[in-house]
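Engineer: Have a look at this one before I ask anything.
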Amino acid sequence: MQVALRPVVRSENGLWAYERVLQRSGFRHVAGADEAGRGACAGPLVVAAVVLSPGKRGEVPGLADSKLLTEKAREAAYEQVVQRALAWSVVVVPPQEVDRCGLHVMNVRAMRQAVARLDPCPSYVLTDGFPIAGMPAPTLALWKGDRVAACVAAASVVAKVTRDRLMAALHEEYPQYGFAVHKGYVVPEHGVALRQHGPCPEHRFSYGNVRSAARGAAAQMVQNGAMGDLLEIGA
């Protein structure tokens, strides 16, 4: 992993401070990478990477950490990012791959893949939260990167909107879970649905709450089967 020295930024430059300092230092194409769905127990993990265009064209109106935006504002920011970005890419990791390889492993692998797909190849990469080895350029991890660097915020918006759309589509197939509302995250309503219906194929069975719901559903099936046999004998 190539880890560069942390650039010195001035707060008055706002969300675009890191990009501007790096570009002035000769790193023309600065990429940001972020994920959505890490904390969900259902649905895919989605990772995005974005290189914003230099200058005014790359200044996306209303851009911010996706978690701080309303759904309508995120959608508007998404459209601006994909129109204005010099390059962007998305990697979707199915829940089965998360179960098979582990969440962190797949998160790191998807980050590398998303950045590797960018054209032009970035000359510097900013990631949210923790450093990623194996990047094609110097890399810097930023604490709450989606709140301090525009390219990371752009990646968070692209990842979040992409995943929300996928979860809305899954809601049409599995309406009993309410995926369109909570997007597969662990909220009380989702827990109730898990206990009532058991998990579906889009749940992450490596997660404790999903395993518990699966065991409960299996026990209920056994109990119902045994009671059915008793009723048939009694008849």
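To be explicit about the labels: the chains of the structure tokens are called A, B, and onward in the order shown, and within each one the residues are counted from 1, while ligands get numbers from 1 in the order they are shown.
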So that I can check the surroundings of Ala85 (chain A), please list as a PyMOL selection string every protein, DNA and RNA residue that reaches within 6 Å of it, counting only C-alpha atoms and ignoring chain neighbours fewer than 2 positions away.
Structural biologist: chain A and resi 51-53+81-83+87
Engineer: From region 82-146 of chain A, collect each residue whose DSSP state is alpha helix (DSSP H) and return the set as a ChimeraX atom specification.
Structural biologist: /A:82-84,95-101,103-116,145-146
Engineer: Selection from above, C-alpha atoms, as a tab-separated table (two decimals), in the first residue's frame, can you write it?
Structural biologist:
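Okay, again36.tsv is ready:
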chain	number	residue	atom	x	y	z
A	82	VAL	CA	-22.72	11.00	-12.37
A	83	GLN	CA	-23.09	13.90	-14.82
A	84	ARG	CA	-20.17	15.95	-13.54
A	95	PRO	CA	-25.04	-11.12	0.58
A	96	GLN	CA	-23.90	-14.64	-0.26
A	97	GLU	CA	-20.36	-13.34	-0.89
A	98	VAL	CA	-20.45	-11.41	2.38
A	99	ASP	CA	-21.38	-14.66	4.15
A	100	ARG	CA	-18.75	-16.70	2.34
A	101	CYS	CA	-15.74	-14.38	2.70
A	103	LEU	CA	-17.82	-8.41	5.52
A	104	HIS	CA	-14.47	-6.69	5.98
A	105	VAL	CA	-12.70	-8.86	3.42
A	106	MET	CA	-15.35	-8.14	0.79
A	107	ASN	CA	-15.44	-4.45	1.68
A	108	VAL	CA	-11.67	-4.11	1.11
A	109	ARG	CA	-11.79	-6.22	-2.07
A	110	ALA	CA	-14.68	-4.18	-3.49
A	111	MET	CA	-12.87	-0.91	-2.68
A	112	ARG	CA	-9.87	-2.08	-4.69
A	113	GLN	CA	-12.08	-3.20	-7.57
A	114	ALA	CA	-14.05	0.05	-7.66
A	115	VAL	CA	-10.88	2.16	-7.77
A	116	ALA	CA	-9.23	-0.13	-10.33
A	145	GLY	CA	-14.07	11.12	5.11
A	146	ASP	CA	-17.55	11.51	3.64
Engineer: Hey, which of A:Gln80, A:Phe130, A:Glu71, A:Cys200 ends up closest to Val181 (chain A)? Count only C-alpha atoms.
Structural biologist: A:Glu71
Engineer: Which residues come within 12 Å of Leu166 (chain A), counting only C-alpha atoms, excluding same-chain residues fewer than 5 positions away, as a VMD selection string?
Structural biologist: chain A and resid 36 to 37 42 to 46 92 to 94 159 to 161 171 to 173 179 to 180 183 to 184 202
Engineer: Could you please take those selected residues and save C-alpha atoms as a PDB file, in the first residue's frame?
Structural biologist:
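So again-v3.pdb came out as:
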ATOM      1  CA  ALA A  36     -23.156   1.540   1.760  1.00  0.00           C
ATOM      2  CA  GLY A  37     -24.795  -1.367   3.533  1.00  0.00           C
ATOM      3  CA  ALA A  42     -29.951  -8.007   4.353  1.00  0.00           C
ATOM      4  CA  GLY A  43     -29.129  -6.982   0.814  1.00  0.00           C
ATOM      5  CA  PRO A  44     -25.816  -6.309  -0.893  1.00  0.00           C
ATOM      6  CA  LEU A  45     -22.777  -4.348   0.173  1.00  0.00           C
ATOM      7  CA  VAL A  46     -22.240  -1.562  -2.380  1.00  0.00           C
ATOM      8  CA  VAL A  92     -22.112  -4.680  -5.816  1.00  0.00           C
ATOM      9  CA  VAL A  93     -21.291  -7.520  -3.420  1.00  0.00           C
ATOM     10  CA  PRO A  94     -24.175 -10.019  -2.976  1.00  0.00           C
ATOM     11  CA  ALA A 159     -23.096   3.914  -3.165  1.00  0.00           C
ATOM     12  CA  LYS A 160     -26.118   4.817  -1.020  1.00  0.00           C
ATOM     13  CA  VAL A 161     -28.465   5.681  -3.892  1.00  0.00           C
ATOM     14  CA  HIS A 171     -39.027  -5.073  -1.709  1.00  0.00           C
ATOM     15  CA  GLU A 172     -41.126  -5.964  -4.737  1.00  0.00           C
ATOM     16  CA  GLU A 173     -39.942  -9.577  -4.428  1.00  0.00           C
ATOM     17  CA  PHE A 179     -36.908  -3.420   2.552  1.00  0.00           C
ATOM     18  CA  ALA A 180     -38.100  -0.288   0.758  1.00  0.00           C
ATOM     19  CA  LYS A 183     -33.191  -0.889   3.386  1.00  0.00           C
ATOM     20  CA  GLY A 184     -32.260  -4.070   5.241  1.00  0.00           C
ATOM     21  CA  GLU A 202     -31.227 -11.921   0.503  1.00  0.00           C
TER      22      GLU A 202
END
Engineer: Could you tell me how far CA of Ala153 (chain A) sits from CA of Leu63 (chain A), in Å to one decimal place?
Structural biologist: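 These atoms are spaced 6.9 Å apart.
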Engineer: From the list A:Thr162, A:Lys56, A:Lys144, A:Val30, which residue is nearest Tyr18 (chain A) when using only C-alpha atoms?
Structural biologist: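 The shortest atom-to-atom distance to Tyr18 (chain A) comes from A:Val30.
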Engineer: Within 12 Å of Arg147 (chain A), counting only C-alpha atoms, which residues qualify if same-chain residues fewer than 5 places away don't, as a ChimeraX atom specification?
Structural biologist: /A:14-18,32,34,63-69,127-129,142,152-157
Engineer: Keeping only N, CA and C atoms, take the residues you just selected and write them out as a PDB file, in the first residue's frame.
Structural biologist:
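Now in again_14.pdb:
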ATOM      1  N   GLY A  14     -13.546  24.305   2.681  1.00  0.00           N
ATOM      2  CA  GLY A  14     -14.705  23.441   2.811  1.00  0.00           C
ATOM      3  C   GLY A  14     -14.481  22.024   2.321  1.00  0.00           C
ATOM      4  N   LEU A  15     -15.548  21.456   1.770  1.00  0.00           N
ATOM      5  CA  LEU A  15     -15.539  20.049   1.372  1.00  0.00           C
ATOM      6  C   LEU A  15     -14.536  19.750   0.265  1.00  0.00           C
ATOM      7  N   TRP A  16     -14.145  20.753  -0.503  1.00  0.00           N
ATOM      8  CA  TRP A  16     -13.232  20.546  -1.627  1.00  0.00           C
ATOM      9  C   TRP A  16     -11.768  20.814  -1.265  1.00  0.00           C
ATOM     10  N   ALA A  17     -11.475  21.008   0.021  1.00  0.00           N
ATOM     11  CA  ALA A  17     -10.126  21.389   0.431  1.00  0.00           C
ATOM     12  C   ALA A  17      -9.091  20.319   0.074  1.00  0.00           C
ATOM     13  N   TYR A  18      -9.378  19.059   0.369  1.00  0.00           N
ATOM     14  CA  TYR A  18      -8.400  18.000   0.110  1.00  0.00           C
ATOM     15  C   TYR A  18      -8.083  17.900  -1.385  1.00  0.00           C
ATOM     16  N   GLY A  32     -12.211   9.284  -4.517  1.00  0.00           N
ATOM     17  CA  GLY A  32     -12.770   8.985  -3.206  1.00  0.00           C
ATOM     18  C   GLY A  32     -13.511   7.659  -3.274  1.00  0.00           C
ATOM     19  N   ASP A  34     -16.108   4.886  -0.967  1.00  0.00           N
ATOM     20  CA  ASP A  34     -16.941   4.684   0.214  1.00  0.00           C
ATOM     21  C   ASP A  34     -17.928   3.559  -0.061  1.00  0.00           C
ATOM     22  N   LEU A  63     -23.820  18.733  -2.403  1.00  0.00           N
ATOM     23  CA  LEU A  63     -23.084  17.526  -2.041  1.00  0.00           C
ATOM     24  C   LEU A  63     -22.754  17.522  -0.555  1.00  0.00           C
ATOM     25  N   ALA A  64     -22.958  16.364   0.084  1.00  0.00           N
ATOM     26  CA  ALA A  64     -22.636  16.172   1.493  1.00  0.00           C
ATOM     27  C   ALA A  64     -22.614  14.669   1.759  1.00  0.00           C
ATOM     28  N   ASP A  65     -22.197  14.301   2.944  1.00  0.00           N
ATOM     29  CA  ASP A  65     -22.289  12.911   3.376  1.00  0.00           C
ATOM     30  C   ASP A  65     -23.714  12.418   3.122  1.00  0.00           C
ATOM     31  N   SER A  66     -23.837  11.269   2.466  1.00  0.00           N
ATOM     32  CA  SER A  66     -25.164  10.774   2.084  1.00  0.00           C
ATOM     33  C   SER A  66     -26.086  10.590   3.275  1.00  0.00           C
ATOM     34  N   LYS A  67     -25.518  10.278   4.436  1.00  0.00           N
ATOM     35  CA  LYS A  67     -26.339  10.056   5.629  1.00  0.00           C
ATOM     36  C   LYS A  67     -26.950  11.350   6.150  1.00  0.00           C
ATOM     37  N   LEU A  68     -26.421  12.498   5.727  1.00  0.00           N
ATOM     38  CA  LEU A  68     -26.936  13.778   6.185  1.00  0.00           C
ATOM     39  C   LEU A  68     -27.974  14.363   5.231  1.00  0.00           C
ATOM     40  N   LEU A  69     -28.203  13.694   4.110  1.00  0.00           N
ATOM     41  CA  LEU A  69     -29.120  14.204   3.092  1.00  0.00           C
ATOM     42  C   LEU A  69     -30.457  13.473   3.145  1.00  0.00           C
ATOM     43  N   THR A 127      -9.928   7.385   1.218  1.00  0.00           N
ATOM     44  CA  THR A 127     -10.919   6.406   1.652  1.00  0.00           C
ATOM     45  C   THR A 127     -11.546   6.840   2.959  1.00  0.00           C
ATOM     46  N   ASP A 128     -12.715   6.315   3.229  1.00  0.00           N
ATOM     47  CA  ASP A 128     -13.446   6.687   4.435  1.00  0.00           C
ATOM     48  C   ASP A 128     -13.127   5.716   5.561  1.00  0.00           C
ATOM     49  N   GLY A 129     -12.566   6.212   6.634  1.00  0.00           N
ATOM     50  CA  GLY A 129     -12.445   5.421   7.848  1.00  0.00           C
ATOM     51  C   GLY A 129     -11.151   4.673   8.048  1.00  0.00           C
ATOM     52  N   LEU A 142      -9.335   8.820   5.789  1.00  0.00           N
ATOM     53  CA  LEU A 142      -9.821   9.996   6.514  1.00  0.00           C
ATOM     54  C   LEU A 142     -10.919   9.606   7.493  1.00  0.00           C
ATOM     55  N   VAL A 152     -15.033  11.718  -1.537  1.00  0.00           N
ATOM     56  CA  VAL A 152     -15.547  10.642  -0.679  1.00  0.00           C
ATOM     57  C   VAL A 152     -17.046  10.823  -0.457  1.00  0.00           C
ATOM     58  N   ALA A 153     -17.481  12.057  -0.258  1.00  0.00           N
ATOM     59  CA  ALA A 153     -18.918  12.326  -0.137  1.00  0.00           C
ATOM     60  C   ALA A 153     -19.654  11.912  -1.403  1.00  0.00           C
ATOM     61  N   ALA A 154     -19.051  12.196  -2.568  1.00  0.00           N
ATOM     62  CA  ALA A 154     -19.667  11.800  -3.839  1.00  0.00           C
ATOM     63  C   ALA A 154     -19.777  10.289  -3.929  1.00  0.00           C
ATOM     64  N   ALA A 155     -18.729   9.584  -3.501  1.00  0.00           N
ATOM     65  CA  ALA A 155     -18.765   8.115  -3.515  1.00  0.00           C
ATOM     66  C   ALA A 155     -19.834   7.589  -2.566  1.00  0.00           C
ATOM     67  N   SER A 156     -19.981   8.239  -1.414  1.00  0.00           N
ATOM     68  CA  SER A 156     -21.002   7.794  -0.459  1.00  0.00           C
ATOM     69  C   SER A 156     -22.399   7.967  -1.034  1.00  0.00           C
ATOM     70  N   VAL A 157     -22.623   9.050  -1.767  1.00  0.00           N
ATOM     71  CA  VAL A 157     -23.927   9.285  -2.393  1.00  0.00           C
ATOM     72  C   VAL A 157     -24.203   8.243  -3.470  1.00  0.00           C
TER      73      VAL A 157
END
Engineer: Give me, as a compact mmCIF listing (two decimals) with N, CA and C atoms, in the first residue's frame, the residues of region 70-156 of chain A that a backbone DSSP run labels strand (DSSP E or B).
Structural biologist:
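Result file out_1.txt:
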# COMPACT_ATOMS: atom_id res chain seq x y z
N ALA A 87 -14.83 10.41 -13.59
CA ALA A 87 -14.97 8.95 -13.64
C ALA A 87 -15.69 8.48 -12.38
N TRP A 88 -16.47 7.41 -12.51
CA TRP A 88 -17.10 6.80 -11.35
C TRP A 88 -17.37 5.33 -11.62
N SER A 89 -17.41 4.54 -10.57
CA SER A 89 -17.66 3.11 -10.72
C SER A 89 -18.36 2.58 -9.47
N VAL A 90 -19.04 1.46 -9.63
CA VAL A 90 -19.78 0.83 -8.53
C VAL A 90 -19.51 -0.67 -8.54
N VAL A 91 -19.30 -1.23 -7.37
CA VAL A 91 -19.17 -2.68 -7.20
C VAL A 91 -20.25 -3.14 -6.23
N VAL A 92 -21.03 -4.13 -6.64
CA VAL A 92 -22.11 -4.68 -5.82
C VAL A 92 -21.71 -6.07 -5.34
N VAL A 93 -21.68 -6.24 -4.03
CA VAL A 93 -21.29 -7.52 -3.42
C VAL A 93 -22.55 -8.21 -2.88
N TYR A 124 -4.28 9.69 -6.75
CA TYR A 124 -4.33 9.72 -5.29
C TYR A 124 -5.71 9.22 -4.90
N VAL A 125 -5.79 8.46 -3.79
CA VAL A 125 -7.07 7.89 -3.35
C VAL A 125 -7.33 8.26 -1.90
N LEU A 126 -8.52 8.78 -1.64
CA LEU A 126 -9.00 9.05 -0.28
C LEU A 126 -10.08 8.03 0.07
N THR A 127 -9.93 7.38 1.22
CA THR A 127 -10.92 6.41 1.65
C THR A 127 -11.55 6.84 2.96
N ASP A 128 -12.72 6.32 3.23
CA ASP A 128 -13.45 6.69 4.43
C ASP A 128 -13.13 5.72 5.56
N THR A 139 -2.51 6.43 -0.98
CA THR A 139 -3.82 6.34 -0.35
C THR A 139 -3.80 6.97 1.03
N LEU A 140 -4.86 7.67 1.36
CA LEU A 140 -4.99 8.27 2.68
C LEU A 140 -6.39 7.97 3.21
N ALA A 141 -6.45 7.41 4.43
CA ALA A 141 -7.73 7.16 5.08
C ALA A 141 -8.11 8.38 5.92
N LEU A 142 -9.33 8.82 5.79
CA LEU A 142 -9.82 10.00 6.51
C LEU A 142 -10.92 9.61 7.49
Engineer: Got a sec: who's within 9 Å of Ala217 (chain A), counting only C-alpha atoms, leaving out chain neighbours fewer than 3 positions off, as a ChimeraX atom specification?
Structural biologist: /A:194-199,212-214,220-222
Engineer: Selected residues, N, CA and C atoms, written as a short mmCIF file (atom, residue, chain, number, x, y, z; two decimals), in the first residue's frame, please.
Structural biologist:
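Done, and the output landed in part04.cif:
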data_model
loop_
_atom_site.label_atom_id
_atom_site.label_comp_id
_atom_site.auth_asym_id
_atom_site.auth_seq_id
_atom_site.Cartn_x
_atom_site.Cartn_y
_atom_site.Cartn_z
N LEU A 194 -38.43 -10.56 10.62
CA LEU A 194 -37.55 -11.73 10.64
C LEU A 194 -38.13 -12.83 11.53
N ARG A 195 -38.61 -12.45 12.68
CA ARG A 195 -39.17 -13.45 13.60
C ARG A 195 -40.46 -14.05 13.05
N GLN A 196 -41.25 -13.25 12.36
CA GLN A 196 -42.52 -13.74 11.83
C GLN A 196 -42.35 -14.64 10.61
N HIS A 197 -41.44 -14.25 9.72
CA HIS A 197 -41.32 -14.93 8.42
C HIS A 197 -40.04 -15.72 8.25
N GLY A 198 -39.08 -15.55 9.17
CA GLY A 198 -37.78 -16.16 8.95
C GLY A 198 -37.03 -15.39 7.86
N PRO A 199 -35.74 -15.67 7.69
CA PRO A 199 -34.97 -14.94 6.68
C PRO A 199 -35.27 -15.40 5.26
N SER A 212 -30.31 -16.53 14.23
CA SER A 212 -31.31 -16.79 15.27
C SER A 212 -32.71 -16.91 14.67
N ALA A 213 -33.03 -16.03 13.72
CA ALA A 213 -34.34 -16.08 13.07
C ALA A 213 -34.48 -17.35 12.24
N ALA A 214 -33.40 -17.79 11.61
CA ALA A 214 -33.44 -19.01 10.81
C ALA A 214 -33.68 -20.22 11.71
N GLN A 220 -40.04 -23.79 14.26
CA GLN A 220 -41.48 -23.64 14.06
C GLN A 220 -41.99 -24.62 13.01
N MET A 221 -41.19 -24.82 11.95
CA MET A 221 -41.58 -25.76 10.90
C MET A 221 -41.64 -27.18 11.45
N VAL A 222 -40.65 -27.53 12.28
CA VAL A 222 -40.65 -28.87 12.88
C VAL A 222 -41.86 -29.05 13.77
#
